[in-house]
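Visitor: Sharing upload.csv, CSV, C-alpha atoms and all ligand atoms:
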chain,number,residue,atom,x,y,z
Z,1,MET,CA,-1.4,-23.4,23.3
Z,2,ALA,CA,-1.5,-21.1,20.3
Z,3,PHE,CA,1.8,-21.1,18.4
Z,4,THR,CA,3.4,-17.6,18.3
Z,5,TRP,CA,6.2,-16.5,16.0
Z,6,SER,CA,9.0,-15.7,18.4
Z,7,LYS,CA,12.2,-13.8,17.6
Z,8,ILE,CA,14.0,-17.2,17.4
Z,9,THR,CA,11.5,-18.4,14.8
Z,10,TYR,CA,12.0,-15.2,12.7
Z,11,MET,CA,15.8,-15.7,12.9
Z,12,ARG,CA,15.3,-19.2,11.3
Z,13,LEU,CA,13.1,-17.8,8.6
Z,14,ASP,CA,14.8,-16.9,5.3
Z,15,PRO,CA,15.5,-13.2,5.6
Z,16,ILE,CA,13.7,-12.7,2.2
Z,17,PHE,CA,10.4,-13.2,4.0
Z,18,LEU,CA,11.3,-10.5,6.5
Z,19,THR,CA,12.4,-8.2,3.7
Z,20,LYS,CA,9.2,-8.6,1.7
Z,21,GLU,CA,7.0,-8.0,4.8
Z,22,THR,CA,9.1,-5.0,5.8
Z,23,LEU,CA,8.8,-3.5,2.2
Z,24,ARG,CA,5.1,-4.3,2.2
Z,25,LEU,CA,4.5,-2.3,5.4
Z,26,TYR,CA,7.2,0.3,5.0
Z,27,PRO,CA,8.0,0.8,1.3
Z,28,ALA,CA,11.0,3.1,1.0
Z,29,ALA,CA,8.7,5.5,-0.8
Z,30,PRO,CA,5.1,5.3,0.3
Z,31,LEU,CA,4.0,7.1,-2.9
Z,32,SER,CA,5.4,6.2,-6.2
Z,33,VAL,CA,7.3,8.6,-8.4
Z,34,ILE,CA,5.1,10.4,-10.9
Z,35,HIS,CA,4.3,8.6,-14.1
Z,36,GLU,CA,2.6,10.1,-17.2
Z,37,ALA,CA,0.0,8.3,-19.3
Z,38,ILE,CA,1.3,8.3,-22.9
Z,39,GLU,CA,-2.1,7.4,-24.4
Z,40,ASP,CA,-5.7,7.4,-23.4
Z,41,CYS,CA,-6.7,4.2,-21.5
Z,42,THR,CA,-9.3,2.8,-19.2
Z,43,VAL,CA,-8.3,1.1,-16.0
Z,44,ASN,CA,-10.9,-0.7,-13.9
Z,45,GLY,CA,-13.6,1.5,-15.4
Z,46,TYR,CA,-11.7,4.8,-14.9
Z,47,HIS,CA,-10.8,6.8,-18.0
Z,48,VAL,CA,-7.2,8.1,-18.0
Z,49,SER,CA,-6.4,10.7,-20.6
Z,50,ALA,CA,-3.0,10.9,-22.3
Z,51,GLY,CA,-0.8,13.3,-20.4
Z,52,THR,CA,-2.4,12.6,-17.0
Z,53,TRP,CA,0.1,12.4,-14.1
Z,54,LEU,CA,-0.3,9.3,-12.0
Z,55,ILE,CA,1.0,8.7,-8.5
Z,56,PHE,CA,0.4,5.3,-7.0
Z,57,ASN,CA,-0.3,5.1,-3.2
Z,58,LEU,CA,2.0,2.1,-2.6
Z,59,GLN,CA,1.4,2.0,1.1
Z,60,LYS,CA,-2.3,1.9,0.6
Z,61,ILE,CA,-2.1,-0.9,-2.0
Z,62,HIS,CA,0.2,-2.9,0.4
Z,63,ARG,CA,-2.3,-2.6,3.2
Z,64,ASP,CA,-5.4,-3.5,1.2
Z,65,GLN,CA,-7.5,-5.7,3.5
Z,66,GLN,CA,-9.1,-7.4,0.6
Z,67,VAL,CA,-5.7,-8.8,-0.3
Z,68,TRP,CA,-3.9,-9.0,3.0
Z,69,SER,CA,-5.4,-10.4,6.2
Z,70,ASP,CA,-4.5,-8.4,9.3
Z,71,PRO,CA,-2.9,-5.9,6.8
Z,72,CYS,CA,-1.2,-3.8,9.5
Z,73,GLU,CA,0.4,-6.8,11.3
Z,74,PHE,CA,4.0,-7.7,10.7
Z,75,ARG,CA,3.6,-11.4,9.6
Z,76,PRO,CA,6.4,-12.5,7.4
Z,77,GLU,CA,5.1,-16.1,7.5
Z,78,ARG,CA,2.3,-15.0,5.1
Z,79,PHE,CA,5.0,-15.3,2.3
Z,80,LEU,CA,5.3,-19.0,3.2
Z,81,THR,CA,1.6,-19.6,3.2
Z,82,THR,CA,-1.2,-17.4,1.9
Z,83,HIS,CA,1.1,-15.2,-0.3
Z,84,LYS,CA,3.9,-17.7,-1.1
Z,85,ASP,CA,3.8,-16.8,-4.8
Z,86,VAL,CA,3.8,-13.1,-4.3
Z,87,ASP,CA,7.1,-11.4,-5.1
Z,88,VAL,CA,8.3,-7.8,-5.1
Z,89,ARG,CA,9.7,-7.7,-8.7
Z,90,GLY,CA,6.8,-5.9,-10.3
Z,91,GLN,CA,4.7,-8.9,-11.4
Z,92,ASN,CA,2.3,-9.0,-8.5
Z,93,PHE,CA,0.5,-5.6,-8.3
Z,94,GLU,CA,-0.5,-6.1,-4.7
Z,95,LEU,CA,3.2,-5.7,-3.7
Z,96,ILE,CA,5.2,-3.2,-5.7
Z,97,PRO,CA,7.8,-1.5,-3.5
Z,98,PHE,CA,10.1,-1.3,-6.5
Z,99,GLY,CA,7.4,-0.1,-8.9
Z,100,SER,CA,6.5,-2.1,-12.0
Z,101,GLY,CA,6.8,-1.9,-15.7
Z,102,ARG,CA,9.7,-0.6,-17.9
Z,103,ARG,CA,10.5,2.3,-15.4
Z,104,MET,CA,10.6,0.1,-12.3
Z,105,CYS,CA,13.6,0.2,-10.1
Z,106,PRO,CA,16.7,-1.2,-11.9
Z,107,GLY,CA,18.4,-1.7,-8.5
Z,108,VAL,CA,15.9,-4.3,-7.4
Z,109,SER,CA,18.2,-7.4,-7.5
Z,110,PHE,CA,21.1,-5.5,-5.9
Z,111,ALA,CA,18.8,-4.1,-3.2
Z,112,LEU,CA,17.2,-7.5,-2.4
Z,113,GLN,CA,20.6,-9.1,-2.0
Z,114,ILE,CA,22.0,-6.4,0.2
Z,115,LEU,CA,18.9,-6.2,2.3
Z,116,ARG,CA,18.9,-10.0,2.8
Z,117,LEU,CA,22.6,-10.2,3.6
Z,118,THR,CA,22.5,-7.2,5.9
Z,119,LEU,CA,19.5,-8.4,7.8
Z,120,ALA,CA,20.9,-11.9,8.1
Z,121,ASN,CA,24.2,-10.6,9.5
Z,122,VAL,CA,22.6,-8.1,11.8
Z,123,LEU,CA,20.2,-10.7,13.3
Z,124,HIS,CA,23.0,-13.3,13.6
Z,125,TRP,CA,25.6,-11.0,15.1
Z,126,PHE,CA,23.6,-8.8,17.5
Z,127,GLU,CA,21.0,-8.8,20.2
Z,128,PHE,CA,18.5,-5.9,20.2
Z,129,GLU,CA,16.6,-4.6,23.2
Z,130,THR,CA,14.7,-1.4,23.8
Z,131,PRO,CA,15.8,0.5,27.0
Z,132,SER,CA,12.6,-0.2,28.9
Z,133,ASP,CA,11.7,-3.4,27.1
Z,134,GLU,CA,8.8,-1.7,25.4
Z,135,PRO,CA,7.9,-2.7,21.9
Z,136,VAL,CA,9.4,-0.4,19.2
Z,137,ASP,CA,6.9,2.2,18.0
Z,138,MET,CA,6.6,1.3,14.4
Z,139,ARG,CA,4.3,4.2,13.4
Z,140,GLU,CA,5.6,6.3,10.6
Z,141,GLU,CA,5.1,10.0,9.6
Z,142,ALA,CA,4.0,11.3,6.3
Z,143,GLY,CA,6.9,12.0,4.0
Z,144,LEU,CA,8.6,11.2,0.7
Z,145,THR,CA,10.3,8.3,2.5
Z,146,SER,CA,8.8,6.5,5.5
Z,147,PRO,CA,10.4,8.4,8.5
Z,148,LYS,CA,9.7,6.9,11.9
Z,149,ALA,CA,7.2,8.9,14.1
Z,150,THR,CA,9.5,8.5,17.1
Z,151,PRO,CA,13.2,8.0,17.0
Z,152,LEU,CA,14.5,4.5,17.3
Z,153,GLU,CA,16.2,3.7,20.7
Z,154,VAL,CA,17.7,0.3,21.0
Z,155,HIS,CA,20.6,-1.3,22.9
Z,156,ILE,CA,22.7,-3.4,20.6
Z,157,THR,CA,24.9,-6.2,22.1
Z,158,PRO,CA,27.0,-8.8,20.5
Z,159,ARG,CA,25.6,-12.4,20.5
Z,160,LEU,CA,28.8,-14.2,19.5
Z,161,PRO,CA,32.2,-14.7,21.1
Z,162,ALA,CA,34.2,-11.4,21.1
Z,163,PHE,CA,37.1,-12.7,18.9
Z,164,LEU,CA,34.6,-13.0,16.0
Z,165,TYR,CA,34.2,-9.3,15.9
Z,166,GLU,CA,37.9,-8.5,15.6
Z,167,SER,CA,39.2,-7.1,12.4
Z,168,THR,CA,41.5,-9.4,10.5
Z,169,ASN,CA,43.4,-6.5,8.8
Z,201,LIG,C1,15.1,-1.1,-0.9
Z,201,LIG,C2,15.7,-0.5,-1.9
Z,201,LIG,C3,15.0,0.2,-3.0
Z,201,LIG,C4,13.7,0.5,-3.2
Z,201,LIG,C5,12.5,0.1,-2.3
Z,201,LIG,C6,13.6,1.2,-4.5
Z,201,LIG,C7,12.4,1.6,-5.0
Z,201,LIG,C8,12.3,2.3,-6.2
Z,201,LIG,C9,11.0,2.7,-6.8
Z,201,LIG,C10,9.6,2.6,-6.2
Z,201,LIG,C11,11.3,3.4,-8.0
Z,201,LIG,C12,10.3,4.0,-8.9
Z,201,LIG,C13,9.8,3.0,-9.9
Z,201,LIG,C14,8.7,3.5,-10.8
Z,201,LIG,O1,8.8,4.5,-11.4
Z,201,LIG,O2,7.7,2.8,-10.9
Z,201,LIG,C15,12.8,3.3,-8.1
Z,201,LIG,C16,13.4,3.8,-9.2
Z,201,LIG,C17,14.8,3.7,-9.4
Z,201,LIG,N1,15.7,3.1,-8.6
Z,201,LIG,FE1,15.2,2.1,-6.8
Z,201,LIG,N2,14.8,1.3,-5.0
Z,201,LIG,C18,15.7,0.7,-4.2
Z,201,LIG,C19,17.1,0.6,-4.4
Z,201,LIG,C20,17.8,1.0,-5.5
Z,201,LIG,C21,19.2,0.8,-5.7
Z,201,LIG,C22,20.1,0.0,-4.8
Z,201,LIG,C23,19.4,1.4,-6.9
Z,201,LIG,C24,20.8,1.5,-7.7
Z,201,LIG,C25,21.8,0.7,-7.4
Z,201,LIG,C26,18.2,2.0,-7.4
Z,201,LIG,C27,18.1,2.7,-8.6
Z,201,LIG,C28,17.0,3.2,-9.1
Z,201,LIG,C29,16.9,4.1,-10.3
Z,201,LIG,C30,18.0,4.5,-11.2
Z,201,LIG,C31,15.5,4.3,-10.5
Z,201,LIG,C32,14.9,5.2,-11.7
Z,201,LIG,C33,14.5,4.2,-12.8
Z,201,LIG,C34,13.8,4.9,-13.9
Z,201,LIG,O3,13.1,5.9,-13.7
Z,201,LIG,O4,13.9,4.5,-15.1
Z,201,LIG,N3,17.2,1.7,-6.5
Z,201,LIG,N4,13.3,2.6,-7.1
Please express what this file holds, its structure, as structure tokens.

Guide:
Amino acid sequence: MAFTWSKITYMRLDPIFLTKETLRLYPAAPLSVIHEAIEDCTVNGYHVSAGTWLIFNLQKIHRDQQVWSDPCEFRPERFLTTHKDVDVRGQNFELIPFGSGRRMCPGVSFALQILRLTLANVLHWFEFETPSDEPVDMREEAGLTSPKATPLEVHITPRLPAFLYESTN
């Protein structure tokens, strides 16, 4: 029987892999902010004159099928296997949700820690179900950020004993 990655398996996976895969498919900004070339240069055979405004299509880069197998599939385990050395900190140009270079996001470390902690807590504390048990529609609309095409509708229920949710204040 083929092994499938169940919800339980994902919960055991380090949330950093879920975070990377989520930022790959749904970078907070699908298009980068505008950069301006400060000098003439040639990139991959393309001449770029000084003063040219450059916008990187991050979402397209992140779904390049020459780099990512099944590029549109959510497969966090790829960061344990085929892409285990690929990070989001601007050194691997196939995955740059925080940009790269001297103007890359200075909040990257903070953001990664918060995302990891939040995701770990949310998965640990709550059970998520869609009202009709349908898979969540993960399509996104065009925009400066990645808005969902259809609003998210989920039922959230506690997984742990009730007293653990009580405030200690
Ligand atoms: C998931 C969370 C975040 C993502 C995906 C993200 C992504 C980005 C991207 C793509 C850029 C443009 C980089 C470039 O020009 O190449 C940027 C810039 C920036 N980000 Fe973030 N960011 C995140 C969280 C944060 C946080 C938490 C902070 C602050 C606490 C922050 C502060 C900034 C600032 C100040 C810039 C402008 C840097 C500059 O132009 O020199 N970001 N971010």

Visitor: Excluding Z:Pro147 and any residue of its chain fewer than 5 positions from it, enumerate the residues within 12 Å of it, using all atoms listed in the file, and give them as a ChimeraX atom specification.

Guide: /Z:26-30,137-142,152

Visitor: Could you state the separation of atom CA of Z:Leu25 and atom CA of Z:Pro151 in Å, given to one decimal place?

Guide: 17.8 Å

Visitor: With ligand LIG 201 (chain Z) as the partner and 6 Å as the cut-off, tabulate the residues of chain Z that qualify, each row holding the nearest pair of atoms and their distance in Å to one decimal, using only C-alpha atoms and all ligand atoms, sorted by chain and rising number, as a tab-separated table.

Guide:
residue	atom	partner	partner_atom	distance
Z:Pro27	CA	Z:LIG201	C5	5.8
Z:Ala28	CA	Z:LIG201	C5	4.7
Z:Ser32	CA	Z:LIG201	C10	5.5
Z:Val33	CA	Z:LIG201	O1	5.3
Z:Pro97	CA	Z:LIG201	C5	5.1
Z:Phe98	CA	Z:LIG201	C10	3.9
Z:Gly99	CA	Z:LIG201	O2	3.5
Z:Ser100	CA	Z:LIG201	O2	5.2
Z:Arg103	CA	Z:LIG201	O4	4.1
Z:Met104	CA	Z:LIG201	C13	3.8
Z:Cys105	CA	Z:LIG201	C16	3.7
Z:Pro106	CA	Z:LIG201	C28	5.2
Z:Gly107	CA	Z:LIG201	C23	3.6
Z:Val108	CA	Z:LIG201	C19	5.9
Z:Phe110	CA	Z:LIG201	C22	5.7
Z:Ala111	CA	Z:LIG201	C22	4.6

Visitor: Between Z:Ile156, Z:Leu115, Z:Ala162, Z:Leu144, single out the one closest to Z:Thr19, counting only C-alpha atoms.

Guide: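 Checking each candidate against Z:Thr19, we get Z:Leu115 as the closest.
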
Visitor: Quick one: residues within 12 Å of stretch 164-166 of chain Z, only C-alpha atoms, excluding same-chain residues fewer than 2 positions away - as a list in words?

Guide: Asn121, His124, Trp125, Phe126, Thr157, Pro158, Arg159, Leu160, Pro161, Ala162, Thr168 and Asn169 of chain Z

Visitor: Measuring between only C-alpha atoms, which one of Z:Glu153, Z:Leu117, Z:Phe163, Z:Pro15 shows the shortest distance to Z:Pro76?

Guide: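 Ranking Z:Glu153, Z:Leu117, Z:Phe163, Z:Pro15 by distance to Z:Pro76, first place goes to Z:Pro15.
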
Visitor: Kindly give the distance, in Å, that separates atom CA of Z:His83 and atom CA of Z:Lys148, rounded to a single decimal.

Guide: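 So the answer is 26.7 Å.
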
Visitor: Using only C-alpha atoms, which residue out of Z:Phe56, Z:Arg63, Z:Leu112, Z:Gly45 lies closest to Z:Asp87?

Guide: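 The closest residue to Z:Asp87 is Z:Leu112.
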
Visitor: Between atom CA of Z:Asp40 and atom CA of Z:Lys60, what is the distance, to one decimal in Å?

Guide: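 Pair atom CA of Z:Asp40 / atom CA of Z:Lys60 returns 24.9 Å.
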
Visitor: Just checking: using all atoms listed in the file, which residue out of Z:His35, Z:Lys20, Z:Arg116, Z:Arg102 ends up closest to Z:Arg75?

Guide: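 When distances to Z:Arg75 are compared using all atoms listed in the file, the smallest one comes from Z:Lys20.
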
Visitor: Writing N, CA and C atoms and nothing else, produce stretch 101-148 of chain Z as a PDB file, in the first residue's frame.

Guide:
ATOM      1  N   GLY Z 101      19.415  39.393  -0.854  1.00  0.00           N
ATOM      2  CA  GLY Z 101      20.328  40.538  -1.002  1.00  0.00           C
ATOM      3  C   GLY Z 101      20.192  41.537   0.125  1.00  0.00           C
ATOM      4  N   ARG Z 102      20.836  42.692  -0.047  1.00  0.00           N
ATOM      5  CA  ARG Z 102      20.932  43.619   1.088  1.00  0.00           C
ATOM      6  C   ARG Z 102      19.601  44.261   1.472  1.00  0.00           C
ATOM      7  N   ARG Z 103      18.599  44.226   0.562  1.00  0.00           N
ATOM      8  CA  ARG Z 103      17.293  44.784   0.914  1.00  0.00           C
ATOM      9  C   ARG Z 103      16.281  43.695   1.245  1.00  0.00           C
ATOM     10  N   MET Z 104      16.766  42.476   1.501  1.00  0.00           N
ATOM     11  CA  MET Z 104      15.792  41.427   1.825  1.00  0.00           C
ATOM     12  C   MET Z 104      15.131  41.709   3.173  1.00  0.00           C
ATOM     13  N   CYS Z 105      14.070  40.984   3.454  1.00  0.00           N
ATOM     14  CA  CYS Z 105      13.272  41.252   4.654  1.00  0.00           C
ATOM     15  C   CYS Z 105      14.114  41.137   5.928  1.00  0.00           C
ATOM     16  N   PRO Z 106      14.217  42.222   6.720  1.00  0.00           N
ATOM     17  CA  PRO Z 106      14.974  42.126   7.968  1.00  0.00           C
ATOM     18  C   PRO Z 106      14.204  41.388   9.060  1.00  0.00           C
ATOM     19  N   GLY Z 107      12.900  41.109   8.803  1.00  0.00           N
ATOM     20  CA  GLY Z 107      12.079  40.431   9.816  1.00  0.00           C
ATOM     21  C   GLY Z 107      12.087  38.925   9.666  1.00  0.00           C
ATOM     22  N   VAL Z 108      12.978  38.395   8.803  1.00  0.00           N
ATOM     23  CA  VAL Z 108      12.908  36.966   8.472  1.00  0.00           C
ATOM     24  C   VAL Z 108      13.029  36.054   9.701  1.00  0.00           C
ATOM     25  N   SER Z 109      13.982  36.323  10.579  1.00  0.00           N
ATOM     26  CA  SER Z 109      14.167  35.426  11.737  1.00  0.00           C
ATOM     27  C   SER Z 109      12.967  35.495  12.676  1.00  0.00           C
ATOM     28  N   PHE Z 110      12.509  36.724  12.908  1.00  0.00           N
ATOM     29  CA  PHE Z 110      11.341  36.915  13.770  1.00  0.00           C
ATOM     30  C   PHE Z 110      10.123  36.208  13.164  1.00  0.00           C
ATOM     31  N   ALA Z 111       9.908  36.441  11.858  1.00  0.00           N
ATOM     32  CA  ALA Z 111       8.743  35.857  11.192  1.00  0.00           C
ATOM     33  C   ALA Z 111       8.784  34.331  11.252  1.00  0.00           C
ATOM     34  N   LEU Z 112       9.963  33.738  11.014  1.00  0.00           N
ATOM     35  CA  LEU Z 112      10.056  32.276  11.012  1.00  0.00           C
ATOM     36  C   LEU Z 112       9.767  31.702  12.390  1.00  0.00           C
ATOM     37  N   GLN Z 113      10.273  32.377  13.420  1.00  0.00           N
ATOM     38  CA  GLN Z 113      10.020  31.876  14.778  1.00  0.00           C
ATOM     39  C   GLN Z 113       8.547  31.961  15.131  1.00  0.00           C
ATOM     40  N   ILE Z 114       7.933  33.098  14.795  1.00  0.00           N
ATOM     41  CA  ILE Z 114       6.519  33.283  15.125  1.00  0.00           C
ATOM     42  C   ILE Z 114       5.650  32.302  14.342  1.00  0.00           C
ATOM     43  N   LEU Z 115       5.960  32.135  13.047  1.00  0.00           N
ATOM     44  CA  LEU Z 115       5.171  31.209  12.228  1.00  0.00           C
ATOM     45  C   LEU Z 115       5.269  29.793  12.773  1.00  0.00           C
ATOM     46  N   ARG Z 116       6.500  29.401  13.129  1.00  0.00           N
ATOM     47  CA  ARG Z 116       6.737  28.046  13.621  1.00  0.00           C
ATOM     48  C   ARG Z 116       5.994  27.800  14.933  1.00  0.00           C
ATOM     49  N   LEU Z 117       6.113  28.779  15.844  1.00  0.00           N
ATOM     50  CA  LEU Z 117       5.458  28.655  17.149  1.00  0.00           C
ATOM     51  C   LEU Z 117       3.940  28.641  17.013  1.00  0.00           C
ATOM     52  N   THR Z 118       3.432  29.556  16.190  1.00  0.00           N
ATOM     53  CA  THR Z 118       1.988  29.667  16.023  1.00  0.00           C
ATOM     54  C   THR Z 118       1.430  28.402  15.408  1.00  0.00           C
ATOM     55  N   LEU Z 119       2.086  27.957  14.343  1.00  0.00           N
ATOM     56  CA  LEU Z 119       1.616  26.748  13.660  1.00  0.00           C
ATOM     57  C   LEU Z 119       1.644  25.541  14.594  1.00  0.00           C
ATOM     58  N   ALA Z 120       2.758  25.387  15.329  1.00  0.00           N
ATOM     59  CA  ALA Z 120       2.884  24.248  16.239  1.00  0.00           C
ATOM     60  C   ALA Z 120       1.760  24.283  17.286  1.00  0.00           C
ATOM     61  N   ASN Z 121       1.501  25.470  17.848  1.00  0.00           N
ATOM     62  CA  ASN Z 121       0.473  25.588  18.881  1.00  0.00           C
ATOM     63  C   ASN Z 121      -0.921  25.332  18.326  1.00  0.00           C
ATOM     64  N   VAL Z 122      -1.187  25.938  17.176  1.00  0.00           N
ATOM     65  CA  VAL Z 122      -2.520  25.798  16.586  1.00  0.00           C
ATOM     66  C   VAL Z 122      -2.802  24.334  16.245  1.00  0.00           C
ATOM     67  N   LEU Z 123      -1.812  23.638  15.667  1.00  0.00           N
ATOM     68  CA  LEU Z 123      -2.015  22.227  15.315  1.00  0.00           C
ATOM     69  C   LEU Z 123      -2.149  21.365  16.566  1.00  0.00           C
ATOM     70  N   HIS Z 124      -1.378  21.717  17.597  1.00  0.00           N
ATOM     71  CA  HIS Z 124      -1.389  20.925  18.820  1.00  0.00           C
ATOM     72  C   HIS Z 124      -2.690  21.112  19.598  1.00  0.00           C
ATOM     73  N   TRP Z 125      -3.198  22.346  19.596  1.00  0.00           N
ATOM     74  CA  TRP Z 125      -4.332  22.668  20.459  1.00  0.00           C
ATOM     75  C   TRP Z 125      -5.687  22.397  19.837  1.00  0.00           C
ATOM     76  N   PHE Z 126      -5.772  22.494  18.506  1.00  0.00           N
ATOM     77  CA  PHE Z 126      -7.106  22.472  17.891  1.00  0.00           C
ATOM     78  C   PHE Z 126      -7.229  21.458  16.764  1.00  0.00           C
ATOM     79  N   GLU Z 127      -8.456  21.038  16.579  1.00  0.00           N
ATOM     80  CA  GLU Z 127      -8.848  20.172  15.461  1.00  0.00           C
ATOM     81  C   GLU Z 127      -9.570  21.061  14.450  1.00  0.00           C
ATOM     82  N   PHE Z 128      -9.259  20.882  13.178  1.00  0.00           N
ATOM     83  CA  PHE Z 128      -9.909  21.695  12.134  1.00  0.00           C
ATOM     84  C   PHE Z 128     -10.709  20.795  11.211  1.00  0.00           C
ATOM     85  N   GLU Z 129     -11.932  21.229  10.896  1.00  0.00           N
ATOM     86  CA  GLU Z 129     -12.768  20.487   9.943  1.00  0.00           C
ATOM     87  C   GLU Z 129     -13.510  21.483   9.071  1.00  0.00           C
ATOM     88  N   THR Z 130     -13.711  21.117   7.817  1.00  0.00           N
ATOM     89  CA  THR Z 130     -14.572  21.968   6.990  1.00  0.00           C
ATOM     90  C   THR Z 130     -16.009  21.528   7.244  1.00  0.00           C
ATOM     91  N   PRO Z 131     -16.994  22.433   7.113  1.00  0.00           N
ATOM     92  CA  PRO Z 131     -18.386  22.103   7.451  1.00  0.00           C
ATOM     93  C   PRO Z 131     -18.873  20.853   6.724  1.00  0.00           C
ATOM     94  N   SER Z 132     -18.555  20.703   5.439  1.00  0.00           N
ATOM     95  CA  SER Z 132     -19.067  19.539   4.697  1.00  0.00           C
ATOM     96  C   SER Z 132     -17.980  18.490   4.476  1.00  0.00           C
ATOM     97  N   ASP Z 133     -16.877  18.640   5.208  1.00  0.00           N
ATOM     98  CA  ASP Z 133     -15.753  17.709   5.082  1.00  0.00           C
ATOM     99  C   ASP Z 133     -15.084  17.762   3.699  1.00  0.00           C
ATOM    100  N   GLU Z 134     -15.344  18.851   2.976  1.00  0.00           N
ATOM    101  CA  GLU Z 134     -14.706  19.055   1.670  1.00  0.00           C
ATOM    102  C   GLU Z 134     -13.290  19.564   1.896  1.00  0.00           C
ATOM    103  N   PRO Z 135     -12.350  19.256   0.986  1.00  0.00           N
ATOM    104  CA  PRO Z 135     -11.026  19.856   1.123  1.00  0.00           C
ATOM    105  C   PRO Z 135     -11.128  21.382   0.998  1.00  0.00           C
ATOM    106  N   VAL Z 136     -10.245  22.086   1.685  1.00  0.00           N
ATOM    107  CA  VAL Z 136     -10.247  23.553   1.609  1.00  0.00           C
ATOM    108  C   VAL Z 136      -9.827  23.973   0.197  1.00  0.00           C
ATOM    109  N   ASP Z 137     -10.551  24.939  -0.353  1.00  0.00           N
ATOM    110  CA  ASP Z 137     -10.186  25.474  -1.672  1.00  0.00           C
ATOM    111  C   ASP Z 137      -8.966  26.386  -1.482  1.00  0.00           C
ATOM    112  N   MET Z 138      -7.823  25.924  -1.958  1.00  0.00           N
ATOM    113  CA  MET Z 138      -6.582  26.668  -1.724  1.00  0.00           C
ATOM    114  C   MET Z 138      -6.236  27.624  -2.864  1.00  0.00           C
ATOM    115  N   ARG Z 139      -7.154  27.790  -3.838  1.00  0.00           N
ATOM    116  CA  ARG Z 139      -6.832  28.716  -4.930  1.00  0.00           C
ATOM    117  C   ARG Z 139      -6.761  30.143  -4.409  1.00  0.00           C
ATOM    118  N   GLU Z 140      -5.894  30.918  -5.031  1.00  0.00           N
ATOM    119  CA  GLU Z 140      -5.767  32.303  -4.597  1.00  0.00           C
ATOM    120  C   GLU Z 140      -6.129  33.241  -5.739  1.00  0.00           C
ATOM    121  N   GLU Z 141      -6.460  34.476  -5.365  1.00  0.00           N
ATOM    122  CA  GLU Z 141      -6.744  35.495  -6.367  1.00  0.00           C
ATOM    123  C   GLU Z 141      -5.504  36.334  -6.570  1.00  0.00           C
ATOM    124  N   ALA Z 142      -5.502  37.063  -7.682  1.00  0.00           N
ATOM    125  CA  ALA Z 142      -4.383  37.971  -7.913  1.00  0.00           C
ATOM    126  C   ALA Z 142      -4.474  39.115  -6.904  1.00  0.00           C
ATOM    127  N   GLY Z 143      -3.353  39.603  -6.470  1.00  0.00           N
ATOM    128  CA  GLY Z 143      -3.358  40.731  -5.534  1.00  0.00           C
ATOM    129  C   GLY Z 143      -1.956  41.011  -5.043  1.00  0.00           C
ATOM    130  N   LEU Z 144      -1.810  42.078  -4.289  1.00  0.00           N
ATOM    131  CA  LEU Z 144      -0.491  42.407  -3.744  1.00  0.00           C
ATOM    132  C   LEU Z 144      -0.058  41.353  -2.740  1.00  0.00           C
ATOM    133  N   THR Z 145      -1.056  40.844  -1.977  1.00  0.00           N
ATOM    134  CA  THR Z 145      -0.799  39.696  -1.104  1.00  0.00           C
ATOM    135  C   THR Z 145      -1.442  38.491  -1.787  1.00  0.00           C
ATOM    136  N   SER Z 146      -1.572  37.375  -1.096  1.00  0.00           N
ATOM    137  CA  SER Z 146      -2.187  36.190  -1.732  1.00  0.00           C
ATOM    138  C   SER Z 146      -3.569  35.937  -1.140  1.00  0.00           C
ATOM    139  N   PRO Z 147      -4.593  36.753  -1.521  1.00  0.00           N
ATOM    140  CA  PRO Z 147      -5.916  36.524  -0.931  1.00  0.00           C
ATOM    141  C   PRO Z 147      -6.534  35.216  -1.427  1.00  0.00           C
ATOM    142  N   LYS Z 148      -7.292  34.563  -0.545  1.00  0.00           N
ATOM    143  CA  LYS Z 148      -7.940  33.315  -0.964  1.00  0.00           C
ATOM    144  C   LYS Z 148      -9.071  33.613  -1.951  1.00  0.00           C
TER     145      LYS Z 148
END
